[in-house]
Amino acid sequence: MNTPDTVNTAADTDLDLVAGLLRDVPDFPTPGIRFWDLSALLADGAGLAATTRLLAASAGEGEHAADVVVGIEARGFLLGAAVAHALGVGVVAVRKHGKLPVVAARRSYDLEYGSATLELPADVLRPGERALLVDDVLATGGTAVAACELVEGAGAEVAAISMVLELPALGGRARLGDRPVHTLLAR
Ligand code: AMP
């Protein structure tokens, strides 16, 4: 119940819903990794709507508005498409190596577990466009840095990076430098 000095906003209610639908799984995909699973959140209509509203709210407005959303494989595709639709802009899929027929550029990077390569499709980002990067989890930041470098290498600008969950102990935010980072929750 609200008291005069505790006012719950619609965003607080959305955030509570999102937090309640996250699940952590110990020792997946390798021993010692605590994996955050968003399956139940994405499967819940109200949860997906709340997540989309909160992620879209971190996009700028007016001259700072995002022109395009960039979703990072694979859960970033689901969230990115929803956020792009909410903002009325298009979505670009930054994909893992070997999935795209025509590649503008690629970046390899280290993960919390293993390593990977991301690729940007050719001819989808225009120089000067403002891109909102969307993914599920910010861990070491390697994935987000690689995606930012692909966007910036195409001459576009990273307007902001928007993620559901941040794992602050892994230091991802610091690796992203001055780029604006918005995360809904930290664990
Ligand atoms: P990183 O590059 O270390 O920031 O890792 C971020 C990417 O790996 C995101 O696309 C996440 O989906 C995934 N990821 C890394 N660590 C975890 C984790 N502990 N739980 C869930 N997903 C993770």
# chains A, B, ... in the order shown; residues from 1 in each chain; ligands from 1

$ residues_near_ligand --ligand "ligand 1" --cutoff "10 Å" --atoms "only C-alpha atoms and all ligand atoms" --output "PyMOL selection string"
chain A and resi 23-29+32-38+71-76+109-116+134-147+163+165-167+170-173+175+187

$ residues_around --residues "segment 121-132 of chain A" --least-positions-apart "4" --cutoff "9 Å" --atoms "only C-alpha atoms" --output "count of residues only"
34

$ atom_distance --atom1 "atom CA of Glu149 of chain A" --atom2 "atom CA of Ala56 of chain A"
21.9 Å

$ select_by_dssp --residues "chain A" --states "helix (DSSP H, G or I)" --output "PyMOL selection string"
chain A and resi 10-21+39-43+45-57+62-64+75-87+142-153+168-170+172-175

$ select_by_dssp --residues "chain A" --states "strand (DSSP E or B)" --output "ChimeraX atom specification"
/A:3,6,23-26,34-37,60,65,68-72,90-96,103-110,115-121,130-138,157-166,181-186

$ residues_around --residues "Leu42 of chain A" --least-positions-apart "4" --cutoff "12 Å" --atoms "only C-alpha atoms" --output "PyMOL selection string"
chain A and resi 17-18+21-23+37-38+46-52+75-79+82+136+164

$ write_last_selection --atoms "all heavy atoms" --output "short mmCIF file (atom, residue, chain, number, x, y, z; two decimals), in the first residue's frame"
data_model
loop_
_atom_site.label_atom_id
_atom_site.label_comp_id
_atom_site.auth_asym_id
_atom_site.auth_seq_id
_atom_site.Cartn_x
_atom_site.Cartn_y
_atom_site.Cartn_z
N LEU A 17 7.29 -6.77 -11.97
CA LEU A 17 6.82 -7.87 -12.81
C LEU A 17 8.00 -8.56 -13.50
O LEU A 17 8.12 -9.79 -13.51
CB LEU A 17 5.83 -7.32 -13.84
CG LEU A 17 5.16 -8.29 -14.80
CD1 LEU A 17 4.42 -9.39 -14.05
CD2 LEU A 17 4.18 -7.53 -15.70
N VAL A 18 8.90 -7.74 -14.07
CA VAL A 18 10.07 -8.28 -14.77
C VAL A 18 10.93 -9.08 -13.79
O VAL A 18 11.33 -10.23 -14.07
CB VAL A 18 10.90 -7.14 -15.41
CG1 VAL A 18 12.21 -7.68 -15.97
CG2 VAL A 18 10.10 -6.45 -16.50
N LEU A 21 9.80 -12.57 -12.92
CA LEU A 21 9.76 -13.58 -13.99
C LEU A 21 11.15 -14.03 -14.44
O LEU A 21 11.28 -14.85 -15.35
CB LEU A 21 8.97 -13.04 -15.19
CG LEU A 21 7.45 -12.97 -14.96
CD1 LEU A 21 6.78 -12.09 -16.01
CD2 LEU A 21 6.84 -14.37 -14.97
N LEU A 22 12.20 -13.48 -13.81
CA LEU A 22 13.56 -13.94 -14.14
C LEU A 22 13.86 -15.22 -13.36
O LEU A 22 13.41 -15.39 -12.24
CB LEU A 22 14.60 -12.88 -13.74
CG LEU A 22 14.59 -11.57 -14.52
CD1 LEU A 22 15.70 -10.68 -14.01
CD2 LEU A 22 14.75 -11.83 -16.00
N ARG A 23 14.67 -16.07 -13.98
CA ARG A 23 15.04 -17.32 -13.30
C ARG A 23 16.55 -17.49 -13.43
O ARG A 23 17.10 -17.29 -14.52
CB ARG A 23 14.31 -18.47 -14.01
CG ARG A 23 14.75 -19.87 -13.63
CD ARG A 23 13.80 -20.89 -14.17
NE ARG A 23 13.64 -20.82 -15.64
CZ ARG A 23 12.67 -21.43 -16.31
NH1 ARG A 23 11.76 -22.13 -15.68
NH2 ARG A 23 12.60 -21.32 -17.63
N ASP A 37 17.94 -16.87 -17.06
CA ASP A 37 17.05 -17.36 -18.10
C ASP A 37 15.83 -16.46 -18.20
O ASP A 37 15.10 -16.29 -17.22
CB ASP A 37 16.64 -18.80 -17.74
CG ASP A 37 15.69 -19.39 -18.74
OD1 ASP A 37 15.69 -18.93 -19.90
OD2 ASP A 37 14.93 -20.30 -18.36
N LEU A 38 15.61 -15.89 -19.40
CA LEU A 38 14.48 -14.98 -19.60
C LEU A 38 13.28 -15.66 -20.26
O LEU A 38 12.33 -14.99 -20.66
CB LEU A 38 14.90 -13.78 -20.47
CG LEU A 38 15.53 -12.60 -19.73
CD1 LEU A 38 16.88 -12.95 -19.17
CD2 LEU A 38 15.61 -11.38 -20.62
N ALA A 46 2.14 -10.01 -20.22
CA ALA A 46 2.30 -8.78 -19.43
C ALA A 46 3.78 -8.53 -19.15
O ALA A 46 4.24 -7.37 -19.14
CB ALA A 46 1.52 -8.89 -18.13
N GLY A 47 4.53 -9.59 -18.94
CA GLY A 47 5.97 -9.45 -18.67
C GLY A 47 6.71 -8.92 -19.89
O GLY A 47 7.57 -8.03 -19.76
N LEU A 48 6.37 -9.43 -21.06
CA LEU A 48 7.02 -8.95 -22.29
C LEU A 48 6.65 -7.48 -22.55
O LEU A 48 7.51 -6.67 -22.92
CB LEU A 48 6.62 -9.83 -23.48
CG LEU A 48 7.19 -9.41 -24.83
CD1 LEU A 48 8.72 -9.41 -24.82
CD2 LEU A 48 6.68 -10.33 -25.94
N ALA A 49 5.38 -7.15 -22.30
CA ALA A 49 4.95 -5.76 -22.52
C ALA A 49 5.67 -4.82 -21.56
O ALA A 49 6.12 -3.73 -21.96
CB ALA A 49 3.43 -5.65 -22.34
N ALA A 50 5.80 -5.24 -20.29
CA ALA A 50 6.48 -4.40 -19.30
C ALA A 50 7.95 -4.22 -19.67
O ALA A 50 8.50 -3.12 -19.61
CB ALA A 50 6.36 -5.03 -17.92
N THR A 51 8.58 -5.32 -20.08
CA THR A 51 10.00 -5.26 -20.47
C THR A 51 10.17 -4.32 -21.66
O THR A 51 11.09 -3.49 -21.69
CB THR A 51 10.50 -6.66 -20.86
OG1 THR A 51 10.20 -7.56 -19.80
CG2 THR A 51 12.00 -6.68 -21.11
N THR A 52 9.29 -4.44 -22.63
CA THR A 52 9.37 -3.60 -23.84
C THR A 52 9.21 -2.13 -23.48
O THR A 52 9.97 -1.29 -23.96
CB THR A 52 8.28 -4.04 -24.84
OG1 THR A 52 8.44 -5.43 -25.10
CG2 THR A 52 8.36 -3.25 -26.13
N ARG A 75 18.66 -13.59 -27.85
CA ARG A 75 17.52 -13.03 -27.12
C ARG A 75 17.37 -11.55 -27.42
O ARG A 75 16.27 -11.00 -27.29
CB ARG A 75 17.66 -13.31 -25.62
CG ARG A 75 17.29 -14.76 -25.31
CD ARG A 75 17.90 -15.23 -24.03
NE ARG A 75 19.33 -15.43 -24.20
CZ ARG A 75 20.16 -15.75 -23.23
NH1 ARG A 75 19.71 -15.88 -22.01
NH2 ARG A 75 21.44 -15.93 -23.48
N GLY A 76 18.46 -10.91 -27.87
CA GLY A 76 18.37 -9.51 -28.28
C GLY A 76 17.50 -9.33 -29.52
O GLY A 76 17.00 -8.24 -29.77
N PHE A 77 17.32 -10.40 -30.30
CA PHE A 77 16.42 -10.30 -31.46
C PHE A 77 14.97 -10.16 -30.99
O PHE A 77 14.21 -9.36 -31.52
CB PHE A 77 16.48 -11.55 -32.34
CG PHE A 77 17.82 -11.79 -33.01
CD1 PHE A 77 18.06 -13.02 -33.61
CD2 PHE A 77 18.80 -10.83 -33.04
CE1 PHE A 77 19.27 -13.27 -34.24
CE2 PHE A 77 20.02 -11.07 -33.67
CZ PHE A 77 20.25 -12.29 -34.26
N LEU A 78 14.60 -10.99 -30.01
CA LEU A 78 13.22 -10.99 -29.52
C LEU A 78 12.89 -9.64 -28.87
O LEU A 78 11.89 -9.01 -29.18
CB LEU A 78 13.01 -12.13 -28.52
CG LEU A 78 13.29 -13.53 -29.05
CD1 LEU A 78 13.30 -14.54 -27.92
CD2 LEU A 78 12.22 -13.91 -30.07
N LEU A 79 13.79 -9.23 -27.96
CA LEU A 79 13.57 -7.97 -27.26
C LEU A 79 13.71 -6.78 -28.21
O LEU A 79 12.93 -5.83 -28.15
CB LEU A 79 14.59 -7.84 -26.11
CG LEU A 79 14.44 -8.88 -24.99
CD1 LEU A 79 15.68 -8.88 -24.11
CD2 LEU A 79 13.18 -8.58 -24.18
N ALA A 82 10.67 -6.20 -30.41
CA ALA A 82 9.55 -5.64 -29.63
C ALA A 82 9.79 -4.15 -29.36
O ALA A 82 8.88 -3.32 -29.49
CB ALA A 82 9.38 -6.41 -28.32
N ASP A 136 19.75 -9.03 -23.68
CA ASP A 136 19.15 -9.44 -22.41
C ASP A 136 20.06 -9.18 -21.22
O ASP A 136 19.64 -8.58 -20.24
CB ASP A 136 18.71 -10.91 -22.46
CG ASP A 136 19.85 -11.88 -22.73
OD1 ASP A 136 20.91 -11.45 -23.24
OD2 ASP A 136 19.69 -13.08 -22.43
N VAL A 164 18.13 -5.88 -20.12
CA VAL A 164 17.25 -6.23 -19.00
C VAL A 164 18.05 -6.35 -17.71
O VAL A 164 17.68 -5.78 -16.69
CB VAL A 164 16.50 -7.56 -19.29
CG1 VAL A 164 15.66 -7.98 -18.08
CG2 VAL A 164 15.64 -7.42 -20.54
#

$ residues_around --residues "His97 of chain A" --least-positions-apart "4" --cutoff "8 Å" --atoms "only C-alpha atoms" --output "mmCIF file with all heavy atoms, in the first residue's frame"
data_model
loop_
_atom_site.group_PDB
_atom_site.id
_atom_site.type_symbol
_atom_site.label_atom_id
_atom_site.label_comp_id
_atom_site.auth_asym_id
_atom_site.auth_seq_id
_atom_site.Cartn_x
_atom_site.Cartn_y
_atom_site.Cartn_z
ATOM 1 N N ARG A 106 32.903 -7.842 -39.212
ATOM 2 C CA ARG A 106 32.792 -8.791 -38.095
ATOM 3 C C ARG A 106 33.762 -8.419 -36.984
ATOM 4 O O ARG A 106 34.777 -7.776 -37.216
ATOM 5 C CB ARG A 106 33.003 -10.224 -38.574
ATOM 6 C CG ARG A 106 34.370 -10.573 -39.132
ATOM 7 C CD ARG A 106 34.446 -12.080 -39.451
ATOM 8 N NE ARG A 106 33.396 -12.490 -40.367
ATOM 9 C CZ ARG A 106 33.527 -12.552 -41.700
ATOM 10 N NH1 ARG A 106 34.688 -12.242 -42.265
ATOM 11 N NH2 ARG A 106 32.529 -12.901 -42.463
ATOM 12 N N ALA A 116 33.439 -15.702 -29.180
ATOM 13 C CA ALA A 116 32.445 -15.673 -30.259
ATOM 14 C C ALA A 116 32.794 -14.576 -31.246
ATOM 15 O O ALA A 116 33.640 -13.723 -30.974
ATOM 16 C CB ALA A 116 31.055 -15.432 -29.681
ATOM 17 N N THR A 117 32.121 -14.615 -32.398
ATOM 18 C CA THR A 117 32.274 -13.572 -33.417
ATOM 19 C C THR A 117 30.886 -13.064 -33.795
ATOM 20 O O THR A 117 29.968 -13.853 -33.986
ATOM 21 C CB THR A 117 32.974 -14.143 -34.666
ATOM 22 O OG1 THR A 117 34.267 -14.612 -34.291
ATOM 23 C CG2 THR A 117 33.118 -13.095 -35.749
ATOM 24 N N LEU A 118 30.749 -11.751 -33.851
ATOM 25 C CA LEU A 118 29.493 -11.138 -34.289
ATOM 26 C C LEU A 118 29.673 -10.507 -35.652
ATOM 27 O O LEU A 118 30.760 -9.997 -35.970
ATOM 28 C CB LEU A 118 29.049 -10.049 -33.308
ATOM 29 C CG LEU A 118 28.516 -10.486 -31.954
ATOM 30 C CD1 LEU A 118 28.105 -9.263 -31.146
ATOM 31 C CD2 LEU A 118 27.333 -11.442 -32.105
ATOM 32 N N GLU A 119 28.603 -10.509 -36.453
ATOM 33 C CA GLU A 119 28.654 -9.915 -37.793
ATOM 34 C C GLU A 119 27.470 -8.961 -37.999
ATOM 35 O O GLU A 119 26.349 -9.226 -37.544
ATOM 36 C CB GLU A 119 28.617 -11.025 -38.853
ATOM 37 C CG GLU A 119 29.860 -11.917 -38.768
ATOM 38 C CD GLU A 119 29.877 -13.061 -39.775
ATOM 39 O OE1 GLU A 119 28.822 -13.389 -40.357
ATOM 40 O OE2 GLU A 119 30.959 -13.632 -39.972
#

$ atom_distance --atom1 "atom CA of Leu55 of chain A" --atom2 "atom CA of His85 of chain A"
11.8 Å

$ closest_residue --among "A:Ala43, A:Val83, A:Ala19, A:Cys148" --to "Ala186 of chain A" --atoms "only C-alpha atoms"
A:Ala19

$ residues_around --residues "Arg53 of chain A" --least-positions-apart "6" --cutoff "9 Å" --atoms "only C-alpha atoms" --output "mmCIF file with N, CA and C atoms, in the first residue's frame"
data_model
loop_
_atom_site.group_PDB
_atom_site.id
_atom_site.type_symbol
_atom_site.label_atom_id
_atom_site.label_comp_id
_atom_site.auth_asym_id
_atom_site.auth_seq_id
_atom_site.Cartn_x
_atom_site.Cartn_y
_atom_site.Cartn_z
ATOM 1 N N ALA A 11 6.289 2.482 -13.755
ATOM 2 C CA ALA A 11 7.575 1.841 -14.051
ATOM 3 C C ALA A 11 7.991 0.901 -12.927
ATOM 4 N N ASP A 14 6.056 -2.243 -13.427
ATOM 5 C CA ASP A 14 6.647 -3.008 -14.541
ATOM 6 C C ASP A 14 7.907 -3.731 -14.085
ATOM 7 N N VAL A 83 11.021 -3.808 -28.971
ATOM 8 C CA VAL A 83 11.343 -2.408 -28.660
ATOM 9 C C VAL A 83 11.257 -1.551 -29.932
ATOM 10 N N ALA A 86 7.719 -0.830 -30.673
ATOM 11 C CA ALA A 86 7.184 0.177 -29.732
ATOM 12 C C ALA A 86 7.652 1.583 -30.107
#

$ decode --residues "segment 164-180 of chain A" --atoms "N, CA, C and O atoms" --output "tab-separated table (two decimals), in the first residue's frame"
chain	number	residue	atom	x	y	z
A	164	VAL	N	18.13	-5.88	-20.12
A	164	VAL	CA	17.25	-6.23	-19.00
A	164	VAL	C	18.05	-6.35	-17.71
A	164	VAL	O	17.68	-5.78	-16.69
A	165	LEU	N	19.16	-7.07	-17.76
A	165	LEU	CA	19.85	-7.43	-16.53
A	165	LEU	C	21.35	-7.15	-16.64
A	165	LEU	O	21.96	-7.45	-17.66
A	166	GLU	N	21.91	-6.58	-15.58
A	166	GLU	CA	23.35	-6.33	-15.51
A	166	GLU	C	23.96	-7.17	-14.39
A	166	GLU	O	23.37	-7.28	-13.31
A	167	LEU	N	25.12	-7.75	-14.66
A	167	LEU	CA	25.86	-8.49	-13.63
A	167	LEU	C	27.07	-7.64	-13.26
A	167	LEU	O	28.15	-7.78	-13.85
A	168	PRO	N	26.92	-6.71	-12.31
A	168	PRO	CA	27.95	-5.69	-12.07
A	168	PRO	C	29.31	-6.28	-11.68
A	168	PRO	O	30.34	-5.68	-11.99
A	169	ALA	N	29.32	-7.44	-11.05
A	169	ALA	CA	30.59	-8.04	-10.63
A	169	ALA	C	31.50	-8.35	-11.82
A	169	ALA	O	32.72	-8.47	-11.66
A	170	LEU	N	30.92	-8.45	-13.02
A	170	LEU	CA	31.71	-8.80	-14.20
A	170	LEU	C	32.24	-7.58	-14.96
A	170	LEU	O	32.98	-7.71	-15.93
A	171	GLY	N	31.84	-6.38	-14.53
A	171	GLY	CA	32.49	-5.15	-15.01
A	171	GLY	C	32.17	-4.73	-16.44
A	171	GLY	O	32.92	-3.96	-17.03
A	172	GLY	N	31.05	-5.18	-16.98
A	172	GLY	CA	30.73	-4.86	-18.38
A	172	GLY	C	30.55	-3.37	-18.64
A	172	GLY	O	30.97	-2.85	-19.67
A	173	ARG	N	29.93	-2.67	-17.70
A	173	ARG	CA	29.61	-1.25	-17.90
A	173	ARG	C	30.89	-0.44	-18.15
A	173	ARG	O	30.93	0.41	-19.04
A	174	ALA	N	31.94	-0.73	-17.38
A	174	ALA	CA	33.19	0.04	-17.52
A	174	ALA	C	33.79	-0.15	-18.91
A	174	ALA	O	34.38	0.78	-19.48
A	175	ARG	N	33.63	-1.34	-19.48
A	175	ARG	CA	34.22	-1.60	-20.80
A	175	ARG	C	33.50	-0.83	-21.90
A	175	ARG	O	34.04	-0.68	-23.00
A	176	LEU	N	32.30	-0.35	-21.61
A	176	LEU	CA	31.53	0.36	-22.64
A	176	LEU	C	31.86	1.85	-22.68
A	176	LEU	O	31.32	2.59	-23.51
A	177	GLY	N	32.76	2.29	-21.79
A	177	GLY	CA	33.25	3.67	-21.84
A	177	GLY	C	32.15	4.68	-21.60
A	177	GLY	O	31.34	4.53	-20.69
A	178	ASP	N	32.11	5.71	-22.47
A	178	ASP	CA	31.17	6.81	-22.30
A	178	ASP	C	29.79	6.53	-22.91
A	178	ASP	O	28.90	7.37	-22.82
A	179	ARG	N	29.64	5.38	-23.54
A	179	ARG	CA	28.35	5.12	-24.19
A	179	ARG	C	27.27	4.99	-23.10
A	179	ARG	O	27.50	4.33	-22.09
A	180	PRO	N	26.08	5.58	-23.32
A	180	PRO	CA	25.03	5.49	-22.30
A	180	PRO	C	24.52	4.05	-22.14
A	180	PRO	O	24.13	3.43	-23.13
